[in-house]
$ cat input-v1.pdb   # PDB, C-alpha atoms
ATOM      1  CA  MET A1036     -19.304   5.883  -1.857  1.00  0.00           C
ATOM      2  CA  LYS A1037     -20.047   4.185  -5.176  1.00  0.00           C
ATOM      3  CA  GLN A1038     -21.484   0.679  -5.295  1.00  0.00           C
ATOM      4  CA  ILE A1039     -19.491  -1.207  -7.942  1.00  0.00           C
ATOM      5  CA  GLY A1040     -21.403  -4.467  -7.536  1.00  0.00           C
ATOM      6  CA  ARG A1041     -23.022  -6.847  -5.070  1.00  0.00           C
ATOM      7  CA  ILE A1042     -22.482 -10.234  -3.431  1.00  0.00           C
ATOM      8  CA  ARG A1043     -24.674 -13.189  -4.392  1.00  0.00           C
ATOM      9  CA  SER A1044     -24.494 -15.741  -1.608  1.00  0.00           C
ATOM     10  CA  SER A1045     -26.388 -18.637  -0.096  1.00  0.00           C
ATOM     11  CA  LEU A1046     -26.189 -16.705   3.217  1.00  0.00           C
ATOM     12  CA  LYS A1047     -29.611 -15.081   3.330  1.00  0.00           C
ATOM     13  CA  ASN A1048     -29.560 -13.473   6.757  1.00  0.00           C
ATOM     14  CA  ARG A1049     -27.050 -12.210   9.269  1.00  0.00           C
ATOM     15  CA  ARG A1050     -27.391 -14.967  11.834  1.00  0.00           C
ATOM     16  CA  ASP A1051     -26.242 -17.525   9.238  1.00  0.00           C
ATOM     17  CA  CYS A1052     -22.960 -15.662   8.648  1.00  0.00           C
ATOM     18  CA  PRO A1053     -19.742 -16.986  10.203  1.00  0.00           C
ATOM     19  CA  PHE A1054     -17.536 -14.371  11.882  1.00  0.00           C
ATOM     20  CA  GLN A1055     -14.616 -14.968   9.506  1.00  0.00           C
ATOM     21  CA  GLU A1056     -14.001 -16.491   6.064  1.00  0.00           C
ATOM     22  CA  LYS A1057     -12.042 -19.325   7.652  1.00  0.00           C
ATOM     23  CA  GLU A1058     -14.987 -20.373   9.790  1.00  0.00           C
ATOM     24  CA  GLY A1059     -16.887 -22.221   7.076  1.00  0.00           C
ATOM     25  CA  ALA A1060     -17.882 -19.310   4.828  1.00  0.00           C
ATOM     26  CA  PRO A1061     -19.398 -20.514   1.541  1.00  0.00           C
ATOM     27  CA  GLU A1062     -18.382 -19.746  -2.023  1.00  0.00           C
ATOM     28  CA  ALA A1063     -20.051 -16.636  -3.422  1.00  0.00           C
ATOM     29  CA  TRP A1064     -20.446 -14.690  -6.654  1.00  0.00           C
ATOM     30  CA  ILE A1065     -19.558 -11.046  -7.048  1.00  0.00           C
ATOM     31  CA  GLU A1066     -21.726  -9.333  -9.667  1.00  0.00           C
ATOM     32  CA  ILE A1067     -20.122  -6.193 -11.046  1.00  0.00           C
ATOM     33  CA  ASP A1068     -22.184  -3.335 -12.470  1.00  0.00           C
ATOM     34  CA  PRO A1069     -21.590  -2.904 -16.234  1.00  0.00           C
ATOM     35  CA  ALA A1070     -20.310   0.664 -15.703  1.00  0.00           C
ATOM     36  CA  TYR A1071     -17.254  -0.789 -13.889  1.00  0.00           C
ATOM     37  CA  ALA A1072     -16.482  -3.768 -16.163  1.00  0.00           C
ATOM     38  CA  ASP A1073     -13.332  -2.139 -17.596  1.00  0.00           C
ATOM     39  CA  GLY A1074     -11.831  -2.087 -14.100  1.00  0.00           C
ATOM     40  CA  LEU A1075     -11.701  -5.891 -13.957  1.00  0.00           C
ATOM     41  CA  TYR A1076      -9.268  -6.243 -16.867  1.00  0.00           C
ATOM     42  CA  GLY A1077      -6.287  -8.330 -15.732  1.00  0.00           C
ATOM     43  CA  LEU A1078      -7.994 -10.280 -12.941  1.00  0.00           C
ATOM     44  CA  ASP A1079      -7.535 -14.020 -13.475  1.00  0.00           C
ATOM     45  CA  LEU A1080      -8.645 -17.390 -12.213  1.00  0.00           C
ATOM     46  CA  GLY A1081      -6.642 -18.302  -9.110  1.00  0.00           C
ATOM     47  CA  ASP A1082      -5.796 -14.717  -8.168  1.00  0.00           C
ATOM     48  CA  GLU A1083      -5.888 -13.848  -4.480  1.00  0.00           C
ATOM     49  CA  ILE A1084      -7.941 -10.705  -3.973  1.00  0.00           C
ATOM     50  CA  ILE A1085      -9.232  -8.446  -1.238  1.00  0.00           C
ATOM     51  CA  VAL A1086     -12.928  -7.683  -1.611  1.00  0.00           C
ATOM     52  CA  LEU A1087     -14.190  -4.571   0.165  1.00  0.00           C
ATOM     53  CA  THR A1088     -17.874  -4.589   1.033  1.00  0.00           C
ATOM     54  CA  TRP A1089     -20.226  -2.102   2.657  1.00  0.00           C
ATOM     55  CA  MET A1090     -21.917  -4.046   5.449  1.00  0.00           C
ATOM     56  CA  HIS A1091     -25.216  -2.241   5.023  1.00  0.00           C
ATOM     57  CA  LEU A1092     -27.012  -4.002   7.904  1.00  0.00           C
ATOM     58  CA  ALA A1093     -24.467  -2.881  10.535  1.00  0.00           C
ATOM     59  CA  ASN A1094     -25.117  -0.316  13.264  1.00  0.00           C
ATOM     60  CA  ARG A1095     -22.965   2.732  12.532  1.00  0.00           C
ATOM     61  CA  ASP A1096     -23.382   4.412  15.934  1.00  0.00           C
ATOM     62  CA  THR A1097     -21.760   1.638  17.995  1.00  0.00           C
ATOM     63  CA  LEU A1098     -18.274   2.430  19.364  1.00  0.00           C
ATOM     64  CA  GLN A1099     -17.797  -0.479  21.785  1.00  0.00           C
ATOM     65  CA  VAL A1100     -18.824  -4.140  21.531  1.00  0.00           C
ATOM     66  CA  ARG A1101     -18.361  -7.487  23.239  1.00  0.00           C
ATOM     67  CA  PRO A1102     -16.379  -9.457  20.624  1.00  0.00           C
ATOM     68  CA  ARG A1103     -18.258 -12.192  18.762  1.00  0.00           C
ATOM     69  CA  GLY A1104     -21.486 -11.049  20.430  1.00  0.00           C
ATOM     70  CA  ASN A1105     -20.518 -12.992  23.574  1.00  0.00           C
ATOM     71  CA  ARG A1106     -21.701 -11.291  26.789  1.00  0.00           C
ATOM     72  CA  GLU A1107     -18.814 -12.822  28.717  1.00  0.00           C
ATOM     73  CA  ASN A1108     -16.239 -11.006  26.606  1.00  0.00           C
ATOM     74  CA  PRO A1109     -15.174  -7.627  28.008  1.00  0.00           C
ATOM     75  CA  LEU A1110     -16.131  -4.472  26.112  1.00  0.00           C
ATOM     76  CA  LYS A1111     -13.703  -3.383  23.411  1.00  0.00           C
ATOM     77  CA  GLY A1112     -13.541  -0.381  21.128  1.00  0.00           C
ATOM     78  CA  VAL A1113     -14.785  -1.276  17.657  1.00  0.00           C
ATOM     79  CA  PHE A1114     -11.405  -0.296  16.152  1.00  0.00           C
ATOM     80  CA  ALA A1115      -9.821  -3.082  18.239  1.00  0.00           C
ATOM     81  CA  THR A1116     -12.290  -5.640  16.807  1.00  0.00           C
ATOM     82  CA  ARG A1117     -13.534  -6.885  13.437  1.00  0.00           C
ATOM     83  CA  SER A1118     -17.176  -6.265  14.368  1.00  0.00           C
ATOM     84  CA  PRO A1119     -19.333  -5.086  11.435  1.00  0.00           C
ATOM     85  CA  SER A1120     -20.704  -2.422  13.821  1.00  0.00           C
ATOM     86  CA  ARG A1121     -18.468   0.640  13.392  1.00  0.00           C
ATOM     87  CA  PRO A1122     -18.699   4.181  11.987  1.00  0.00           C
ATOM     88  CA  ASN A1123     -17.901   3.008   8.445  1.00  0.00           C
ATOM     89  CA  PRO A1124     -18.911  -0.653   8.081  1.00  0.00           C
ATOM     90  CA  ILE A1125     -16.336  -1.558   5.442  1.00  0.00           C
ATOM     91  CA  GLY A1126     -15.723  -5.296   5.275  1.00  0.00           C
ATOM     92  CA  ILE A1127     -12.291  -6.581   4.192  1.00  0.00           C
ATOM     93  CA  HIS A1128     -12.382 -10.111   2.817  1.00  0.00           C
ATOM     94  CA  GLN A1129      -9.312 -11.928   1.527  1.00  0.00           C
ATOM     95  CA  THR A1130     -10.248 -14.735  -0.820  1.00  0.00           C
ATOM     96  CA  ARG A1131      -9.415 -16.365  -4.175  1.00  0.00           C
ATOM     97  CA  ILE A1132     -11.024 -16.247  -7.621  1.00  0.00           C
ATOM     98  CA  ILE A1133     -12.286 -19.741  -8.473  1.00  0.00           C
ATOM     99  CA  ASP A1134     -14.421 -18.937 -11.526  1.00  0.00           C
ATOM    100  CA  LEU A1135     -14.925 -16.019 -13.899  1.00  0.00           C
ATOM    101  CA  ASP A1136     -17.985 -15.448 -16.050  1.00  0.00           C
ATOM    102  CA  GLN A1137     -16.591 -12.480 -17.893  1.00  0.00           C
ATOM    103  CA  PRO A1138     -16.993  -9.626 -18.005  1.00  0.00           C
ATOM    104  CA  LEU A1139     -19.227  -9.178 -14.977  1.00  0.00           C
ATOM    105  CA  LYS A1140     -19.222 -12.151 -12.598  1.00  0.00           C
ATOM    106  CA  ILE A1141     -16.464 -13.401 -10.308  1.00  0.00           C
ATOM    107  CA  LYS A1142     -16.802 -16.503  -8.148  1.00  0.00           C
ATOM    108  CA  VAL A1143     -14.741 -16.551  -4.949  1.00  0.00           C
ATOM    109  CA  GLN A1144     -13.747 -19.320  -2.589  1.00  0.00           C
ATOM    110  CA  ALA A1145     -15.174 -17.960   0.663  1.00  0.00           C
ATOM    111  CA  LEU A1146     -17.128 -14.900   1.736  1.00  0.00           C
ATOM    112  CA  GLU A1147     -18.879 -14.485   5.079  1.00  0.00           C
ATOM    113  CA  VAL A1148     -21.301 -11.689   4.176  1.00  0.00           C
ATOM    114  CA  VAL A1149     -24.998 -11.855   3.492  1.00  0.00           C
ATOM    115  CA  ASP A1150     -26.586 -11.992   0.027  1.00  0.00           C
ATOM    116  CA  LYS A1151     -26.942  -8.576  -1.679  1.00  0.00           C
ATOM    117  CA  THR A1152     -24.184  -6.903   0.361  1.00  0.00           C
ATOM    118  CA  PRO A1153     -22.804  -3.994  -1.734  1.00  0.00           C
ATOM    119  CA  VAL A1154     -19.237  -4.311  -3.062  1.00  0.00           C
ATOM    120  CA  VAL A1155     -17.205  -1.087  -3.067  1.00  0.00           C
ATOM    121  CA  ASP A1156     -13.709  -2.181  -4.179  1.00  0.00           C
ATOM    122  CA  ILE A1157     -11.540  -5.130  -5.251  1.00  0.00           C
ATOM    123  CA  LYS A1158      -7.736  -5.138  -4.861  1.00  0.00           C
ATOM    124  CA  PRO A1159      -5.102  -7.763  -5.628  1.00  0.00           C
ATOM    125  CA  VAL A1160      -3.177  -9.252  -2.695  1.00  0.00           C
ATOM    126  CA  ILE A1161       0.466  -8.219  -3.000  1.00  0.00           C
TER
ATOM    127  CA  MET B 324     -18.524   7.998   4.760  1.00  0.00           C
ATOM    128  CA  LYS B 325     -17.487   9.397   8.146  1.00  0.00           C
ATOM    129  CA  GLN B 326     -13.992  10.744   8.718  1.00  0.00           C
ATOM    130  CA  ILE B 327     -12.800   9.313  12.054  1.00  0.00           C
ATOM    131  CA  GLY B 328      -9.427  11.050  11.969  1.00  0.00           C
ATOM    132  CA  ARG B 329      -6.500  12.037   9.785  1.00  0.00           C
ATOM    133  CA  ILE B 330      -2.889  11.106   9.042  1.00  0.00           C
ATOM    134  CA  ARG B 331      -0.055  13.396  10.131  1.00  0.00           C
ATOM    135  CA  SER B 332       2.989  12.575   8.048  1.00  0.00           C
ATOM    136  CA  SER B 333       6.252  14.040   6.837  1.00  0.00           C
ATOM    137  CA  LEU B 334       5.028  13.188   3.301  1.00  0.00           C
ATOM    138  CA  LYS B 335       3.678  16.538   2.158  1.00  0.00           C
ATOM    139  CA  ASN B 336       2.789  15.796  -1.452  1.00  0.00           C
ATOM    140  CA  ARG B 337       1.906  12.840  -3.606  1.00  0.00           C
ATOM    141  CA  ARG B 338       5.130  12.584  -5.554  1.00  0.00           C
ATOM    142  CA  ASP B 339       7.034  11.941  -2.303  1.00  0.00           C
ATOM    143  CA  CYS B 340       4.890   8.906  -1.456  1.00  0.00           C
ATOM    144  CA  PRO B 341       6.301   5.411  -2.013  1.00  0.00           C
ATOM    145  CA  PHE B 342       3.937   2.947  -3.748  1.00  0.00           C
ATOM    146  CA  GLN B 343       3.861   0.578  -0.763  1.00  0.00           C
ATOM    147  CA  GLU B 344       4.596   0.673   2.985  1.00  0.00           C
ATOM    148  CA  LYS B 345       7.569  -1.627   2.446  1.00  0.00           C
ATOM    149  CA  GLU B 346       9.230   0.789   0.038  1.00  0.00           C
ATOM    150  CA  GLY B 347      10.571   3.172   2.653  1.00  0.00           C
ATOM    151  CA  ALA B 348       7.350   4.680   4.003  1.00  0.00           C
ATOM    152  CA  PRO B 349       7.970   6.821   7.095  1.00  0.00           C
ATOM    153  CA  GLU B 350       6.416   6.603  10.546  1.00  0.00           C
ATOM    154  CA  ALA B 351       3.226   8.601  10.885  1.00  0.00           C
ATOM    155  CA  TRP B 352       0.681   9.695  13.478  1.00  0.00           C
ATOM    156  CA  ILE B 353      -3.016   8.995  13.264  1.00  0.00           C
ATOM    157  CA  GLU B 354      -5.089  11.708  14.956  1.00  0.00           C
ATOM    158  CA  ILE B 355      -8.539  10.481  15.949  1.00  0.00           C
ATOM    159  CA  ASP B 356     -11.480  12.865  16.286  1.00  0.00           C
ATOM    160  CA  PRO B 357     -12.713  13.096  19.904  1.00  0.00           C
ATOM    161  CA  ALA B 358     -16.177  11.795  18.915  1.00  0.00           C
ATOM    162  CA  TYR B 359     -14.583   8.411  18.104  1.00  0.00           C
ATOM    163  CA  ALA B 360     -12.175   8.066  21.062  1.00  0.00           C
ATOM    164  CA  ASP B 361     -14.267   5.318  22.719  1.00  0.00           C
ATOM    165  CA  GLY B 362     -13.717   3.132  19.668  1.00  0.00           C
ATOM    166  CA  LEU B 363      -9.967   2.884  20.370  1.00  0.00           C
ATOM    167  CA  TYR B 364     -10.370   1.126  23.717  1.00  0.00           C
ATOM    168  CA  GLY B 365      -8.288  -2.067  23.682  1.00  0.00           C
ATOM    169  CA  LEU B 366      -5.700  -1.033  21.081  1.00  0.00           C
ATOM    170  CA  ASP B 367      -2.185  -1.452  22.474  1.00  0.00           C
ATOM    171  CA  LEU B 368       1.425  -0.718  21.760  1.00  0.00           C
ATOM    172  CA  GLY B 369       2.832  -3.331  19.379  1.00  0.00           C
ATOM    173  CA  ASP B 370      -0.543  -4.286  17.885  1.00  0.00           C
ATOM    174  CA  GLU B 371      -0.640  -4.956  14.166  1.00  0.00           C
ATOM    175  CA  ILE B 372      -3.467  -2.986  12.612  1.00  0.00           C
ATOM    176  CA  ILE B 373      -5.037  -2.255   9.247  1.00  0.00           C
ATOM    177  CA  VAL B 374      -5.623   1.451   8.695  1.00  0.00           C
ATOM    178  CA  LEU B 375      -8.225   2.367   6.092  1.00  0.00           C
ATOM    179  CA  THR B 376      -7.802   5.781   4.508  1.00  0.00           C
ATOM    180  CA  TRP B 377      -9.755   7.786   1.958  1.00  0.00           C
ATOM    181  CA  MET B 378      -7.166   8.799  -0.633  1.00  0.00           C
ATOM    182  CA  HIS B 379      -8.803  12.145  -1.284  1.00  0.00           C
ATOM    183  CA  LEU B 380      -6.383  13.259  -4.023  1.00  0.00           C
ATOM    184  CA  ALA B 381      -7.117  10.253  -6.273  1.00  0.00           C
ATOM    185  CA  ASN B 382      -9.031  10.352  -9.556  1.00  0.00           C
ATOM    186  CA  ARG B 383     -12.300   8.461  -9.053  1.00  0.00           C
ATOM    187  CA  ASP B 384     -13.223   8.186 -12.753  1.00  0.00           C
ATOM    188  CA  THR B 385     -10.201   6.121 -13.808  1.00  0.00           C
ATOM    189  CA  LEU B 386     -10.929   2.440 -14.578  1.00  0.00           C
ATOM    190  CA  GLN B 387      -7.626   1.392 -16.203  1.00  0.00           C
ATOM    191  CA  VAL B 388      -4.030   2.377 -15.388  1.00  0.00           C
ATOM    192  CA  ARG B 389      -0.467   1.502 -16.236  1.00  0.00           C
ATOM    193  CA  PRO B 390       0.820   0.080 -12.911  1.00  0.00           C
ATOM    194  CA  ARG B 391       3.230   2.252 -10.935  1.00  0.00           C
ATOM    195  CA  GLY B 392       2.666   5.086 -13.437  1.00  0.00           C
ATOM    196  CA  ASN B 393       5.127   3.431 -15.829  1.00  0.00           C
ATOM    197  CA  ARG B 394       4.197   3.944 -19.498  1.00  0.00           C
ATOM    198  CA  GLU B 395       5.906   0.672 -20.432  1.00  0.00           C
ATOM    199  CA  ASN B 396       3.544  -1.363 -18.277  1.00  0.00           C
ATOM    200  CA  PRO B 397       0.443  -2.637 -20.110  1.00  0.00           C
ATOM    201  CA  LEU B 398      -2.958  -1.248 -19.145  1.00  0.00           C
ATOM    202  CA  LYS B 399      -4.719  -3.021 -16.303  1.00  0.00           C
ATOM    203  CA  GLY B 400      -8.118  -2.619 -14.718  1.00  0.00           C
ATOM    204  CA  VAL B 401      -7.865  -0.687 -11.456  1.00  0.00           C
ATOM    205  CA  PHE B 402      -9.337  -3.645  -9.542  1.00  0.00           C
ATOM    206  CA  ALA B 403      -6.303  -5.700 -10.635  1.00  0.00           C
ATOM    207  CA  THR B 404      -3.932  -3.035  -9.222  1.00  0.00           C
ATOM    208  CA  ARG B 405      -3.330  -1.127  -5.986  1.00  0.00           C
ATOM    209  CA  SER B 406      -3.492   2.243  -7.751  1.00  0.00           C
ATOM    210  CA  PRO B 407      -5.105   4.995  -5.643  1.00  0.00           C
ATOM    211  CA  SER B 408      -7.143   5.885  -8.752  1.00  0.00           C
ATOM    212  CA  ARG B 409     -10.359   3.856  -8.515  1.00  0.00           C
ATOM    213  CA  PRO B 410     -14.092   4.453  -7.981  1.00  0.00           C
ATOM    214  CA  ASN B 411     -13.715   4.394  -4.175  1.00  0.00           C
ATOM    215  CA  PRO B 412     -10.146   5.386  -3.267  1.00  0.00           C
ATOM    216  CA  ILE B 413      -9.968   3.406  -0.029  1.00  0.00           C
ATOM    217  CA  GLY B 414      -6.382   2.761   1.043  1.00  0.00           C
ATOM    218  CA  ILE B 415      -5.573  -0.389   3.045  1.00  0.00           C
ATOM    219  CA  HIS B 416      -2.389  -0.074   5.084  1.00  0.00           C
ATOM    220  CA  GLN B 417      -1.079  -2.836   7.327  1.00  0.00           C
ATOM    221  CA  THR B 418       1.260  -1.483   9.982  1.00  0.00           C
ATOM    222  CA  ARG B 419       2.104  -1.625  13.689  1.00  0.00           C
ATOM    223  CA  ILE B 420       1.398   0.676  16.644  1.00  0.00           C
ATOM    224  CA  ILE B 421       4.716   2.020  17.941  1.00  0.00           C
ATOM    225  CA  ASP B 422       3.448   4.765  20.249  1.00  0.00           C
ATOM    226  CA  LEU B 423       0.149   5.815  21.818  1.00  0.00           C
ATOM    227  CA  ASP B 424      -0.643   9.268  23.138  1.00  0.00           C
ATOM    228  CA  GLN B 425      -4.012   8.356  24.547  1.00  0.00           C
ATOM    229  CA  PRO B 426      -6.807   8.824  23.949  1.00  0.00           C
ATOM    230  CA  LEU B 427      -6.480  10.389  20.519  1.00  0.00           C
ATOM    231  CA  LYS B 428      -3.099   9.821  18.887  1.00  0.00           C
ATOM    232  CA  ILE B 429      -1.581   6.617  17.508  1.00  0.00           C
ATOM    233  CA  LYS B 430       1.898   6.425  16.030  1.00  0.00           C
ATOM    234  CA  VAL B 431       2.476   3.736  13.396  1.00  0.00           C
ATOM    235  CA  GLN B 432       5.592   2.210  11.933  1.00  0.00           C
ATOM    236  CA  ALA B 433       5.027   2.943   8.241  1.00  0.00           C
ATOM    237  CA  LEU B 434       2.376   4.690   6.171  1.00  0.00           C
ATOM    238  CA  GLU B 435       2.754   5.694   2.533  1.00  0.00           C
ATOM    239  CA  VAL B 436       0.009   8.297   2.310  1.00  0.00           C
ATOM    240  CA  VAL B 437       0.262  12.062   2.253  1.00  0.00           C
ATOM    241  CA  ASP B 438      -0.205  14.345   5.277  1.00  0.00           C
ATOM    242  CA  LYS B 439      -3.875  15.124   6.111  1.00  0.00           C
ATOM    243  CA  THR B 440      -5.269  12.035   4.362  1.00  0.00           C
ATOM    244  CA  PRO B 441      -8.614  11.187   6.030  1.00  0.00           C
ATOM    245  CA  VAL B 442      -8.808   7.989   8.099  1.00  0.00           C
ATOM    246  CA  VAL B 443     -12.086   6.064   7.839  1.00  0.00           C
ATOM    247  CA  ASP B 444     -11.476   2.863   9.834  1.00  0.00           C
ATOM    248  CA  ILE B 445      -8.954   0.902  11.911  1.00  0.00           C
ATOM    249  CA  LYS B 446      -9.105  -2.883  12.312  1.00  0.00           C
ATOM    250  CA  PRO B 447      -6.856  -5.355  14.132  1.00  0.00           C
ATOM    251  CA  VAL B 448      -4.928  -7.890  12.055  1.00  0.00           C
ATOM    252  CA  ILE B 449      -6.239 -11.373  12.856  1.00  0.00           C
TER
END
$ encode --input "input-v1.pdb" --output "structure tokens"
Amino acid sequence: MKQIGRIRSSLKNRRDCPFQEKEGAPEAWIEIDPAYADGLYGLDLGDEIIVLTWMHLANRDTLQVRPRGNRENPLKGVFATRSPSRPNPIGIHQTRIIDLDQPLKIKVQALEVVDKTPVVDIKPVI
Amino acid sequence: MKQIGRIRSSLKNRRDCPFQEKEGAPEAWIEIDPAYADGLYGLDLGDEIIVLTWMHLANRDTLQVRPRGNRENPLKGVFATRSPSRPNPIGIHQTRIIDLDQPLKIKVQALEVVDKTPVVDIKPVI
């Protein structure tokens, strides 16, 4: 897995992170590594994108969780939840480009991951 | 990256694959490795899911493409396209569970990737 960039966010630790973008996640910057700058060509202000992150703080050996960390929720397989704990902790975040500091910085409307989380892909919403 | 399973599809080579699920992609089975069976607990018939694949035949050094392989389309950065060619060829496929042969096989409505493509994650649509 190649790291193409990283998230810069005001969320400095995991317990500050909302469970989903729609639950009050702040704006964030994506910093792209110079080696991948050519891959951004064609992304524009206002575009809806899917950002894929590698949630590096997650536990990769967990196969069942109680959703939202609530002990009253029954156990579920991680593939039936959006828990960051899973064999491959790939985060999928749908958001919108609200600023571009070309060629290497993209500001997005809402991201619920912690500062310095690696970014592994960006795709347009279709 | 851990392989949690693989796709079994009637699509046997890349040139048979549609560009998107909605362009006539066939039903397919997802075979999960026994080590990850516990992670499926709670997935049900009819559930909408996002399947993440590792598109192992893609070129990982490509940073710009002409969308849909059409020479008349202008070059775009791979992060502004859904091309499988990209630094981390992670496929995102939204589909629906139409059959379950528990605990290790899931049939889905439409998948546009080639037979034997590795599966790296499954998430519910929320």
$ residues_near_point --input "input-v1.pdb" --point "(-24.2, -3.4, -6.6)" --cutoff "7 Å" --atoms "all atoms listed in the file" --output "list of chain:residue names"
A:Gln1038, A:Ile1039, A:Gly1040, A:Arg1041, A:Ile1067, A:Asp1068, A:Pro1153, A:Val1154
$ residues_around --input "input-v1.pdb" --residues "segment 413-415 of chain B" --least-positions-apart "3" --cutoff "7 Å" --atoms "only C-alpha atoms" --output "PyMOL selection string"
chain B and resi 373-378
$ axis_aligned_box --input "input-v1.pdb" --around "segment 1100-1116 of chain A" --padding-each-side "8 Å" --output "AutoDock Vina command-line options"
--center_x -15.8 --center_y -6.6 --center_z 22.4 --size_x 27.9 --size_y 28.7 --size_z 28.6
$ resolve_selection --input "input-v1.pdb" --expression "the PyMOL selection byres ((chain B) within 7 of (chain A))" --output "list in words"
Met324, Lys325, Asp361, Gly362, Leu363, Tyr364, Gly365, Leu366, Leu386, Gln387, Lys399, Gly400, Val401, Phe402, Ala403, Thr404, Arg405, Pro410, Asn411, Val443, Asp444, Ile445, Lys446 and Pro447 of chain B
$ atom_distance --input "input-v1.pdb" --atom1 "atom CA of Arg1103 of chain A" --atom2 "atom CA of Leu427 of chain B"
25.5 Å
$ resolve_selection --input "input-v1.pdb" --expression "the PyMOL selection byres ((chain A and resi 1135) around 10)" --output "MDAnalysis selection string"
chainID A and resid 1064:1065 1078:1081 1132:1134 1136:1143
$ write_last_selection --input "input-v1.pdb" --atoms "C-alpha atoms" --output "compact mmCIF listing (two decimals), in the coordinates of the input"
# COMPACT_ATOMS: atom_id res chain seq x y z
CA TRP A 1064 -20.45 -14.69 -6.65
CA ILE A 1065 -19.56 -11.05 -7.05
CA LEU A 1078 -7.99 -10.28 -12.94
CA ASP A 1079 -7.54 -14.02 -13.48
CA LEU A 1080 -8.64 -17.39 -12.21
CA GLY A 1081 -6.64 -18.30 -9.11
CA ILE A 1132 -11.02 -16.25 -7.62
CA ILE A 1133 -12.29 -19.74 -8.47
CA ASP A 1134 -14.42 -18.94 -11.53
CA ASP A 1136 -17.98 -15.45 -16.05
CA GLN A 1137 -16.59 -12.48 -17.89
CA PRO A 1138 -16.99 -9.63 -18.00
CA LEU A 1139 -19.23 -9.18 -14.98
CA LYS A 1140 -19.22 -12.15 -12.60
CA ILE A 1141 -16.46 -13.40 -10.31
CA LYS A 1142 -16.80 -16.50 -8.15
CA VAL A 1143 -14.74 -16.55 -4.95
$ atom_distance --input "input-v1.pdb" --atom1 "atom CA of Thr440 of chain B" --atom2 "atom CA of Arg394 of chain B"
26.9 Å
$ residues_around --input "input-v1.pdb" --residues "Asn1048 of chain A" --least-positions-apart "3" --cutoff "9 Å" --atoms "all atoms listed in the file" --output "number ranges by chain"
A: 1051-1052, 1148-1150
$ atom_distance --input "input-v1.pdb" --atom1 "atom CA of Asn1094 of chain A" --atom2 "atom CA of Thr1130 of chain A"
25.0 Å
$ residues_around --input "input-v1.pdb" --residues "Glu344 of chain B" --least-positions-apart "3" --cutoff "8 Å" --atoms "all atoms listed in the file" --output "ChimeraX atom specification"
/B:341,347-348,416-417,433-435
$ build_atoms --input "input-v1.pdb" --residues "segment 1135-1148 of chain A" --atoms "N, CA and C atoms" --output "PDB file, keeping the file's coordinate frame"
ATOM      1  N   LEU A1135     -14.689 -17.342 -13.322  1.00  0.00           N
ATOM      2  CA  LEU A1135     -14.925 -16.019 -13.899  1.00  0.00           C
ATOM      3  C   LEU A1135     -15.934 -16.191 -15.015  1.00  0.00           C
ATOM      4  N   ASP A1136     -17.010 -15.435 -14.976  1.00  0.00           N
ATOM      5  CA  ASP A1136     -17.985 -15.448 -16.050  1.00  0.00           C
ATOM      6  C   ASP A1136     -17.940 -14.041 -16.616  1.00  0.00           C
ATOM      7  N   GLN A1137     -16.917 -13.837 -17.466  1.00  0.00           N
ATOM      8  CA  GLN A1137     -16.591 -12.480 -17.893  1.00  0.00           C
ATOM      9  C   GLN A1137     -17.703 -11.881 -18.730  1.00  0.00           C
ATOM     10  N   PRO A1138     -17.861 -10.552 -18.726  1.00  0.00           N
ATOM     11  CA  PRO A1138     -16.993  -9.626 -18.005  1.00  0.00           C
ATOM     12  C   PRO A1138     -17.492  -9.239 -16.622  1.00  0.00           C
ATOM     13  N   LEU A1139     -18.583  -9.815 -16.132  1.00  0.00           N
ATOM     14  CA  LEU A1139     -19.227  -9.178 -14.977  1.00  0.00           C
ATOM     15  C   LEU A1139     -19.412 -10.050 -13.740  1.00  0.00           C
ATOM     16  N   LYS A1140     -19.005 -11.309 -13.780  1.00  0.00           N
ATOM     17  CA  LYS A1140     -19.222 -12.151 -12.598  1.00  0.00           C
ATOM     18  C   LYS A1140     -17.939 -12.855 -12.178  1.00  0.00           C
ATOM     19  N   ILE A1141     -17.670 -12.801 -10.880  1.00  0.00           N
ATOM     20  CA  ILE A1141     -16.464 -13.401 -10.308  1.00  0.00           C
ATOM     21  C   ILE A1141     -16.901 -14.321  -9.177  1.00  0.00           C
ATOM     22  N   LYS A1142     -16.477 -15.594  -9.245  1.00  0.00           N
ATOM     23  CA  LYS A1142     -16.802 -16.503  -8.148  1.00  0.00           C
ATOM     24  C   LYS A1142     -15.600 -16.592  -7.219  1.00  0.00           C
ATOM     25  N   VAL A1143     -15.845 -16.485  -5.909  1.00  0.00           N
ATOM     26  CA  VAL A1143     -14.741 -16.551  -4.949  1.00  0.00           C
ATOM     27  C   VAL A1143     -14.954 -17.699  -3.977  1.00  0.00           C
ATOM     28  N   GLN A1144     -13.808 -18.114  -3.401  1.00  0.00           N
ATOM     29  CA  GLN A1144     -13.747 -19.320  -2.589  1.00  0.00           C
ATOM     30  C   GLN A1144     -14.550 -19.236  -1.289  1.00  0.00           C
ATOM     31  N   ALA A1145     -14.527 -18.075  -0.645  1.00  0.00           N
ATOM     32  CA  ALA A1145     -15.174 -17.960   0.663  1.00  0.00           C
ATOM     33  C   ALA A1145     -15.486 -16.507   0.955  1.00  0.00           C
ATOM     34  N   LEU A1146     -16.737 -16.256   1.332  1.00  0.00           N
ATOM     35  CA  LEU A1146     -17.128 -14.900   1.736  1.00  0.00           C
ATOM     36  C   LEU A1146     -18.178 -15.034   2.830  1.00  0.00           C
ATOM     37  N   GLU A1147     -17.986 -14.287   3.933  1.00  0.00           N
ATOM     38  CA  GLU A1147     -18.879 -14.485   5.079  1.00  0.00           C
ATOM     39  C   GLU A1147     -19.956 -13.422   5.191  1.00  0.00           C
ATOM     40  N   VAL A1148     -20.255 -12.719   4.086  1.00  0.00           N
ATOM     41  CA  VAL A1148     -21.301 -11.689   4.176  1.00  0.00           C
ATOM     42  C   VAL A1148     -22.593 -12.146   3.514  1.00  0.00           C
TER      43      VAL A1148
END
